[in-house]
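Below is data.cif, which holds mmCIF, C-alpha atoms and all ligand atoms.
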```cif
data_protein
loop_
_atom_site.label_atom_id
_atom_site.label_comp_id
_atom_site.auth_asym_id
_atom_site.auth_seq_id
_atom_site.Cartn_x
_atom_site.Cartn_y
_atom_site.Cartn_z
CA MET P 66 82.19 91.11 133.05
CA LYS P 67 82.10 91.44 136.83
CA TYR P 68 80.88 88.42 138.74
CA THR P 69 78.87 89.06 141.88
CA GLU P 70 77.99 85.47 142.76
CA ILE P 71 80.27 82.48 142.29
CA THR P 72 80.80 78.90 143.28
CA HIS P 73 84.28 78.08 144.49
CA PRO P 74 85.87 74.60 144.63
CA SER P 75 87.12 75.20 148.18
CA HIS P 76 83.63 75.78 149.60
CA PRO P 77 80.27 73.95 149.34
CA HIS P 78 78.04 77.06 149.27
CA ASP P 79 77.68 79.95 146.82
CA LEU P 80 79.75 83.05 147.51
CA VAL P 81 78.38 86.55 147.01
CA LEU P 82 80.42 89.68 146.40
CA GLY P 83 79.91 92.13 149.25
CA SER P 84 81.73 94.54 151.48
CA ALA P 85 83.10 93.39 154.84
CA GLU P 86 82.24 95.93 157.53
CA GLU P 87 85.24 94.92 159.55
CA PRO P 88 88.49 93.16 158.71
CA TYR P 89 88.26 89.43 157.99
CA GLN P 90 90.75 86.66 157.52
CA CYS P 91 90.63 85.40 153.96
CA ASP P 92 89.98 81.65 154.00
CA GLY P 93 92.07 81.31 150.84
CA CYS P 94 95.39 83.00 151.53
CA LYS P 95 94.82 83.46 155.34
CA GLU P 96 95.71 87.13 155.03
CA VAL P 97 93.70 90.05 156.36
CA GLY P 98 91.09 91.62 154.12
CA PHE P 99 88.79 94.58 154.55
CA GLY P 100 86.04 95.96 152.34
CA PRO P 101 85.37 94.06 149.13
CA CYS P 102 85.12 90.27 149.50
CA PHE P 103 83.27 87.18 148.39
CA LYS P 104 81.39 85.81 151.38
CA CYS P 105 79.20 82.85 152.17
CA GLY P 106 75.69 83.69 153.33
CA GLN P 107 75.43 80.52 155.42
CA CYS P 108 78.69 80.36 157.29
CA ASN P 109 81.69 82.45 158.18
CA PHE P 110 83.71 82.00 155.01
CA ASN P 111 85.37 84.88 153.15
CA LEU P 112 87.65 85.22 150.18
CA HIS P 113 89.47 88.21 148.76
CA GLU P 114 88.28 89.01 145.25
CA GLU P 115 91.78 88.14 144.01
CA CYS P 116 91.65 84.79 145.81
CA ALA P 117 88.15 83.93 144.61
CA MET P 118 89.02 84.49 140.97
CA PRO P 119 92.75 84.02 140.49
CA GLU P 120 94.52 83.90 137.14
CA PRO P 121 96.02 80.47 136.45
CA SER P 122 99.34 82.16 135.70
CA ALA P 123 100.72 85.62 136.31
CA PHE P 124 103.69 87.88 135.81
CA HIS P 125 105.15 90.55 138.07
CA PRO P 126 107.55 93.31 136.98
CA PHE P 127 109.69 92.89 140.12
CA PHE P 128 110.44 89.34 138.99
CA SER P 129 111.08 89.78 135.30
CA LYS P 130 112.30 86.21 134.74
CA CYS P 131 109.52 84.53 136.65
CA ASP P 132 106.44 82.77 135.47
CA PHE P 133 104.05 82.56 138.44
CA ARG P 134 101.39 79.88 138.79
CA PHE P 135 98.46 79.92 141.16
CA TYR P 136 98.11 77.14 143.77
CA GLU P 137 95.47 76.57 146.41
CA ASN P 138 97.86 74.27 148.24
CA ALA P 139 101.34 74.75 146.97
CA PRO P 140 103.64 71.77 147.19
CA GLY P 141 106.25 72.09 149.94
CA SER P 142 105.18 75.51 151.21
CA SER P 143 105.53 74.78 154.90
CA ASP P 144 108.81 76.63 155.42
CA ARG P 145 108.33 79.35 152.81
CA PHE P 146 107.26 82.95 153.16
CA TYR P 147 105.62 85.50 150.90
CA ASP P 148 108.11 87.77 149.15
CA ALA P 149 106.14 91.01 149.33
CA CYS P 150 105.06 91.00 152.98
CA GLY P 151 107.18 88.34 154.69
CA LYS P 152 104.30 86.28 156.13
CA ASP P 153 104.50 82.48 156.19
CA VAL P 154 102.86 80.75 153.25
CA ARG P 155 99.71 79.16 154.67
CA GLY P 156 97.26 79.13 151.79
CA PHE P 157 96.58 80.40 148.29
CA VAL P 158 99.77 81.51 146.60
CA TYR P 159 101.37 82.43 143.30
CA GLN P 160 104.66 80.59 143.02
CA CYS P 161 107.46 80.49 140.49
CA SER P 162 110.12 77.87 139.91
CA HIS P 163 112.73 79.99 141.81
CA GLU P 164 110.76 79.74 145.06
CA HIS P 165 109.24 83.18 144.99
CA ASP P 166 105.81 83.36 146.63
CA LEU P 167 103.18 86.09 146.40
CA HIS P 168 99.74 86.52 147.95
CA PRO P 169 97.10 87.01 145.28
CA CYS P 170 96.34 90.42 146.87
CA CYS P 171 100.02 91.43 146.84
CA MET P 172 100.39 90.30 143.23
CA LYS P 173 97.68 92.79 142.28
CA LEU P 174 99.07 95.86 144.06
CA GLN P 175 99.18 98.93 141.82
CA ARG P 176 102.65 100.19 140.92
CA THR P 177 101.78 103.88 141.24
CA LEU P 178 99.30 105.72 143.49
CA ILE P 179 98.45 109.36 142.91
CA GLY P 180 96.25 111.68 144.95
CA ASP P 181 96.15 115.12 146.51
CA GLY P 182 99.70 116.17 145.69
CA VAL P 183 101.31 112.87 146.64
CA LYS P 184 102.72 110.32 144.22
CA LEU P 185 103.73 106.92 145.58
CA HIS P 186 105.58 104.06 143.93
CA LEU P 187 105.56 100.42 144.91
CA SER P 188 109.14 99.46 145.66
CA ASP P 189 111.13 96.40 146.67
CA LYS P 190 114.25 98.44 147.44
CA VAL P 191 115.50 99.95 150.68
CA SER P 192 115.87 103.71 150.92
CA THR P 193 114.22 105.56 153.80
CA ARG P 194 112.67 104.08 156.93
CA CYS P 195 109.02 103.04 157.12
CA LEU P 196 106.97 105.61 159.04
CA LYS P 197 105.02 102.91 160.84
CA CYS P 198 107.73 100.57 162.12
CA GLY P 199 110.63 103.02 161.93
CA SER P 200 112.80 100.47 160.16
CA LYS P 201 113.97 99.81 156.62
CA GLU P 202 113.32 96.10 157.01
CA ILE P 203 110.19 94.23 158.06
CA SER P 204 112.32 91.71 159.87
CA LYS P 205 116.06 91.17 160.10
CA GLY P 206 117.50 90.87 156.62
CA PHE P 207 114.12 91.07 154.93
CA ARG P 208 113.04 94.27 153.20
CA GLY P 209 109.57 93.52 151.93
CA TRP P 210 107.65 95.78 149.61
CA SER P 211 106.69 99.31 150.45
CA TYR P 212 105.06 102.36 148.96
CA GLU P 213 107.37 105.32 148.77
CA SER P 214 106.70 108.91 147.74
CA SER P 215 108.60 110.44 144.84
CA CYS P 216 110.07 113.01 147.23
CA GLY P 217 111.42 110.15 149.35
CA GLN P 218 109.93 111.44 152.64
CA TYR P 219 106.99 109.10 153.06
CA ARG P 220 107.33 105.37 153.07
CA TYR P 221 105.17 102.59 154.48
CA HIS P 222 105.70 98.85 154.23
CA VAL P 223 102.72 97.06 152.70
CA ALA P 224 102.91 94.61 155.62
CA CYS P 225 102.86 97.48 158.14
CA VAL P 226 99.72 98.99 156.63
CA LYS P 227 97.98 95.62 156.92
CA ASP P 228 99.17 95.36 160.53
CA LEU P 229 97.86 98.87 161.25
CA VAL P 230 94.35 97.82 160.27
CA LEU P 231 94.66 94.52 162.16
CA GLU P 232 95.92 96.23 165.33
CA ASN P 233 92.96 98.60 165.33
CA TRP P 234 90.61 95.70 164.79
CA ARG P 235 92.07 93.76 167.74
CA ARG P 236 92.14 96.81 169.95
CA GLY P 237 88.40 97.16 169.51
CA TYR P 238 88.24 100.04 167.09
CA PHE P 239 85.60 98.23 165.09
CA ASP P 240 83.46 97.58 168.17
CA ASP P 241 83.30 100.95 169.84
CA GLY P 242 83.82 103.40 167.05
CA HIS P 243 86.73 105.67 167.70
CA ASN P 244 90.17 105.16 169.02
CA THR P 245 92.48 108.06 169.59
CA MET P 246 95.45 105.75 170.02
CA ALA P 247 95.30 104.93 166.34
CA LEU P 248 97.12 107.99 165.14
CA GLN P 249 100.12 107.45 167.34
CA ILE P 250 101.09 104.32 165.55
CA MET P 251 100.68 105.95 162.16
CA VAL P 252 103.62 108.31 162.33
CA ARG P 253 106.12 108.18 165.13
CA ASN P 254 106.85 111.56 166.62
CA GLU P 255 110.60 111.21 166.49
CA ASP P 256 110.39 110.70 162.76
CA ILE P 257 108.55 113.97 162.33
CA VAL P 258 111.09 115.77 164.48
CA GLN P 259 113.90 114.20 162.54
CA GLN P 260 112.41 115.06 159.17
CA THR P 261 111.51 118.64 159.98
CA GLY P 262 114.28 119.79 162.29
CA GLY P 263 112.13 119.92 165.41
CA SER P 264 112.44 123.62 166.27
CA SER P 265 109.34 125.58 167.22
CA SER P 266 109.65 127.67 164.07
CA SER P 267 109.20 124.52 162.03
CA ARG P 268 105.61 124.09 163.15
CA MET P 269 104.32 124.88 159.66
CA LYS P 270 106.62 122.28 158.20
CA VAL P 271 105.41 119.75 160.75
CA SER P 272 101.78 120.32 159.89
CA LYS P 273 102.45 120.04 156.17
CA TYR P 274 104.53 116.92 156.73
CA TRP P 275 101.75 115.46 158.84
CA ARG P 276 99.08 116.24 156.25
CA MET P 277 101.09 114.62 153.46
CA ALA P 278 101.76 111.53 155.59
CA LYS P 279 97.99 111.17 156.06
CA VAL P 280 97.37 111.46 152.33
CA ALA P 281 100.05 108.85 151.67
CA LEU P 282 98.59 106.44 154.22
CA THR P 283 95.06 106.89 152.87
CA LEU P 284 96.21 106.06 149.35
CA ILE P 285 98.05 102.96 150.53
CA ILE P 286 95.19 101.62 152.66
CA SER P 287 92.87 102.01 149.68
CA ALA P 288 95.33 100.23 147.39
CA VAL P 289 96.05 97.36 149.80
CA PHE P 290 92.41 96.65 150.63
CA GLY P 291 90.81 97.31 147.27
CA ASP P 292 88.43 100.10 146.35
CA PRO P 293 87.74 102.52 149.17
CA THR P 294 84.21 101.46 149.92
CA THR P 295 82.21 103.32 152.54
CA VAL P 296 83.44 101.19 155.44
CA VAL P 297 87.07 101.54 154.49
CA ALA P 298 86.71 105.26 153.91
CA THR P 299 85.03 105.68 157.30
CA PHE P 300 87.82 103.77 159.01
CA ILE P 301 90.48 105.90 157.32
CA ALA P 302 88.66 109.14 158.12
CA SER P 303 88.39 108.33 161.82
CA LEU P 304 91.98 107.09 161.96
CA LEU P 305 93.19 110.37 160.54
CA SER P 306 90.89 112.79 162.34
CA SER P 307 91.97 111.99 165.89
ZN ZN P 401 93.03 85.95 150.10
ZN ZN P 402 79.36 78.44 153.55
ZN ZN P 403 111.02 82.86 139.55
ZN ZN P 404 101.64 89.37 150.76
ZN ZN P 405 107.24 99.13 158.29
#
```

What is this file in structure tokens?
Ligand SMILES: [Zn+2]
Ligand SMILES: [Zn+2]
Ligand SMILES: [Zn+2]
Ligand SMILES: [Zn+2]
Ligand SMILES: [Zn+2]
Amino acid sequence: MKYTEITHPSHPHDLVLGSAEEPYQCDGCKEVGFGPCFKCGQCNFNLHEECAMPEPSAFHPFFSKCDFRFYENAPGSSDRFYDACGKDVRGFVYQCSHEHDLHPCCMKLQRTLIGDGVKLHLSDKVSTRCLKCGSKEISKGFRGWSYESSCGQYRYHVACVKDLVLENWRRGYFDDGHNTMALQIMVRNEDIVQQTGGSSSSRMKVSKYWRMAKVALTLIISAVFGDPTTVVATFIASLLSS
């Protein structure tokens, strides 16, 4: 059964399942959300679906020995960070006894994404560089999770895809419609040149590479922010059309 209206112990008013037209900060885990969310009709309070209805305990294949438990306020979290995306733990969290921490939304990320000739796998290993930040690591010594194509050419950190949406939000994309800057941060030119050889005869390869990178990014945005609702799909379309 799918709940569309709930009461939540962290908030005095009822919460209704809806679709956020622009990114929001989840009042549970403090992480960005976009699209599906439980929101209060009386005040500015939003929760990810995963944060509104967490499982009391959970398991993740990347941590085969770990038994995760959900906490609204985890004991002693002040100097801890989330394993998947590297952000500081500031709210709702799944924790295990070995000090691993996961956002509810990261816990739920699909292992495999398939669409339009691209197959992506969720990975916690380092192989190629992320196409957004140009680095293997999110921060020094910390890899973070990423989605990587089976061919090995396309890779985006989960954290970088969240940042991409946040950056566009802050830059005013969601206020004035379109932003042609958006595409430049999606794939760095030097990466394309490096991957395709860079000669003028490789123009066909560049355009194919570019198209596949867009497909990969679309799949990941949809996976990170939940079902591609109309608002999310519109955002992706305009991001990729510029
Ligand atoms: Zn949340
Ligand atoms: Zn409220
Ligand atoms: Zn553990
Ligand atoms: Zn996370
Ligand atoms: Zn990255």

Test item: residues no farther than 9 Å from ligand ZN 401 (chain P), counting all atoms listed in the file, as an MDAnalysis selection string: chainID P and resid 90:98 111:117 156:158 168:170

Around ligand ZN 404 (chain P), which protein and nucleic acid residues have at least one atom no more than 10 Å from it, if we count all atoms listed in the file? List them as a short mmCIF file (atom, residue, chain, number, x, y, z; two decimals) with C-alpha atoms, in the coordinates of the input.
```
data_model
loop_
_atom_site.label_atom_id
_atom_site.label_comp_id
_atom_site.auth_asym_id
_atom_site.auth_seq_id
_atom_site.Cartn_x
_atom_site.Cartn_y
_atom_site.Cartn_z
CA CYS P 94 95.39 83.00 151.53
CA GLU P 96 95.71 87.13 155.03
CA VAL P 97 93.70 90.05 156.36
CA PHE P 146 107.26 82.95 153.16
CA TYR P 147 105.62 85.50 150.90
CA ASP P 148 108.11 87.77 149.15
CA ALA P 149 106.14 91.01 149.33
CA CYS P 150 105.06 91.00 152.98
CA GLY P 151 107.18 88.34 154.69
CA LYS P 152 104.30 86.28 156.13
CA ASP P 153 104.50 82.48 156.19
CA VAL P 154 102.86 80.75 153.25
CA VAL P 158 99.77 81.51 146.60
CA ASP P 166 105.81 83.36 146.63
CA LEU P 167 103.18 86.09 146.40
CA HIS P 168 99.74 86.52 147.95
CA PRO P 169 97.10 87.01 145.28
CA CYS P 170 96.34 90.42 146.87
CA CYS P 171 100.02 91.43 146.84
CA MET P 172 100.39 90.30 143.23
CA LYS P 173 97.68 92.79 142.28
CA LEU P 174 99.07 95.86 144.06
CA GLY P 209 109.57 93.52 151.93
CA TRP P 210 107.65 95.78 149.61
CA VAL P 223 102.72 97.06 152.70
CA ALA P 224 102.91 94.61 155.62
CA LYS P 227 97.98 95.62 156.92
CA VAL P 289 96.05 97.36 149.80
#
```

Selection within 8 Å of ligand ZN 403 (chain P) by all atoms listed in the file, output as a compact mmCIF listing (two decimals) with C-alpha atoms, in the coordinates of the input:
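Writing the result to pocket-v3.txt gives the following:
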```txt
# COMPACT_ATOMS: atom_id res chain seq x y z
CA PHE P 128 110.44 89.34 138.99
CA LYS P 130 112.30 86.21 134.74
CA CYS P 131 109.52 84.53 136.65
CA ASP P 132 106.44 82.77 135.47
CA PHE P 133 104.05 82.56 138.44
CA GLN P 160 104.66 80.59 143.02
CA CYS P 161 107.46 80.49 140.49
CA SER P 162 110.12 77.87 139.91
CA HIS P 163 112.73 79.99 141.81
CA GLU P 164 110.76 79.74 145.06
CA HIS P 165 109.24 83.18 144.99
```

Return as a list in words every polymer residue, whether protein, DNA or RNA, with at least one atom no more than 10 Å from an atom of ligand ZN 402 (chain P); count all atoms listed in the file.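 So the residues close to ligand ZN 402 (chain P) are Ser75, His76, Pro77, His78, Asp79, Leu80, Lys104, Cys105, Gly106, Gln107, Cys108, Asn109, Phe110 and Asn111 of chain P.
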
If you measure from atom CA of Leu196 of chain P to atom CA of Arg155 of chain P, what distance in Å do you get, rounded to one decimal?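 Atom CA of Leu196 of chain P sits 27.8 Å away from atom CA of Arg155 of chain P.
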
Quote the spacing between atom CA of Ile286 of chain P and atom CA of Leu82 of chain P in Å to one decimal place.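 Interatomic distance here is 20.0 Å.
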
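Nearest to Asp228 of chain P of all the residues P:Pro88, P:Gly83, P:Gly291, P:Gly100 is P:Pro88, counting only C-alpha atoms.
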
Can you pull out every residue with an atom within 7 Å of ligand ZN 405 (chain P)? Use all atoms listed in the file and format it as a count of residues only. 13

Between P:Lys205, P:Ser143, P:Gly180, P:Lys190, which is the closest to Thr283 of chain P once you count all atoms listed in the file? P:Gly180

What separation in Å, quoted to one decimal, exists between atom CA of Tyr159 of chain P and atom CA of Phe135 of chain P?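 We find that atom CA of Tyr159 of chain P and atom CA of Phe135 of chain P lie 4.4 Å from each other.
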
I need the residue nearest Asp189 of chain P from this list: P:Val226, P:Met118, P:Thr69, P:Phe127. Use all atoms listed in the file for the distance.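 Answer, going by the shortest atom-to-atom distance: P:Phe127.
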
Best match for closeness to Ser188 of chain P among P:Pro126, P:Glu137, P:Glu232, P:Glu120, counting all atoms listed in the file: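 The closest residue to Ser188 of chain P is P:Pro126.
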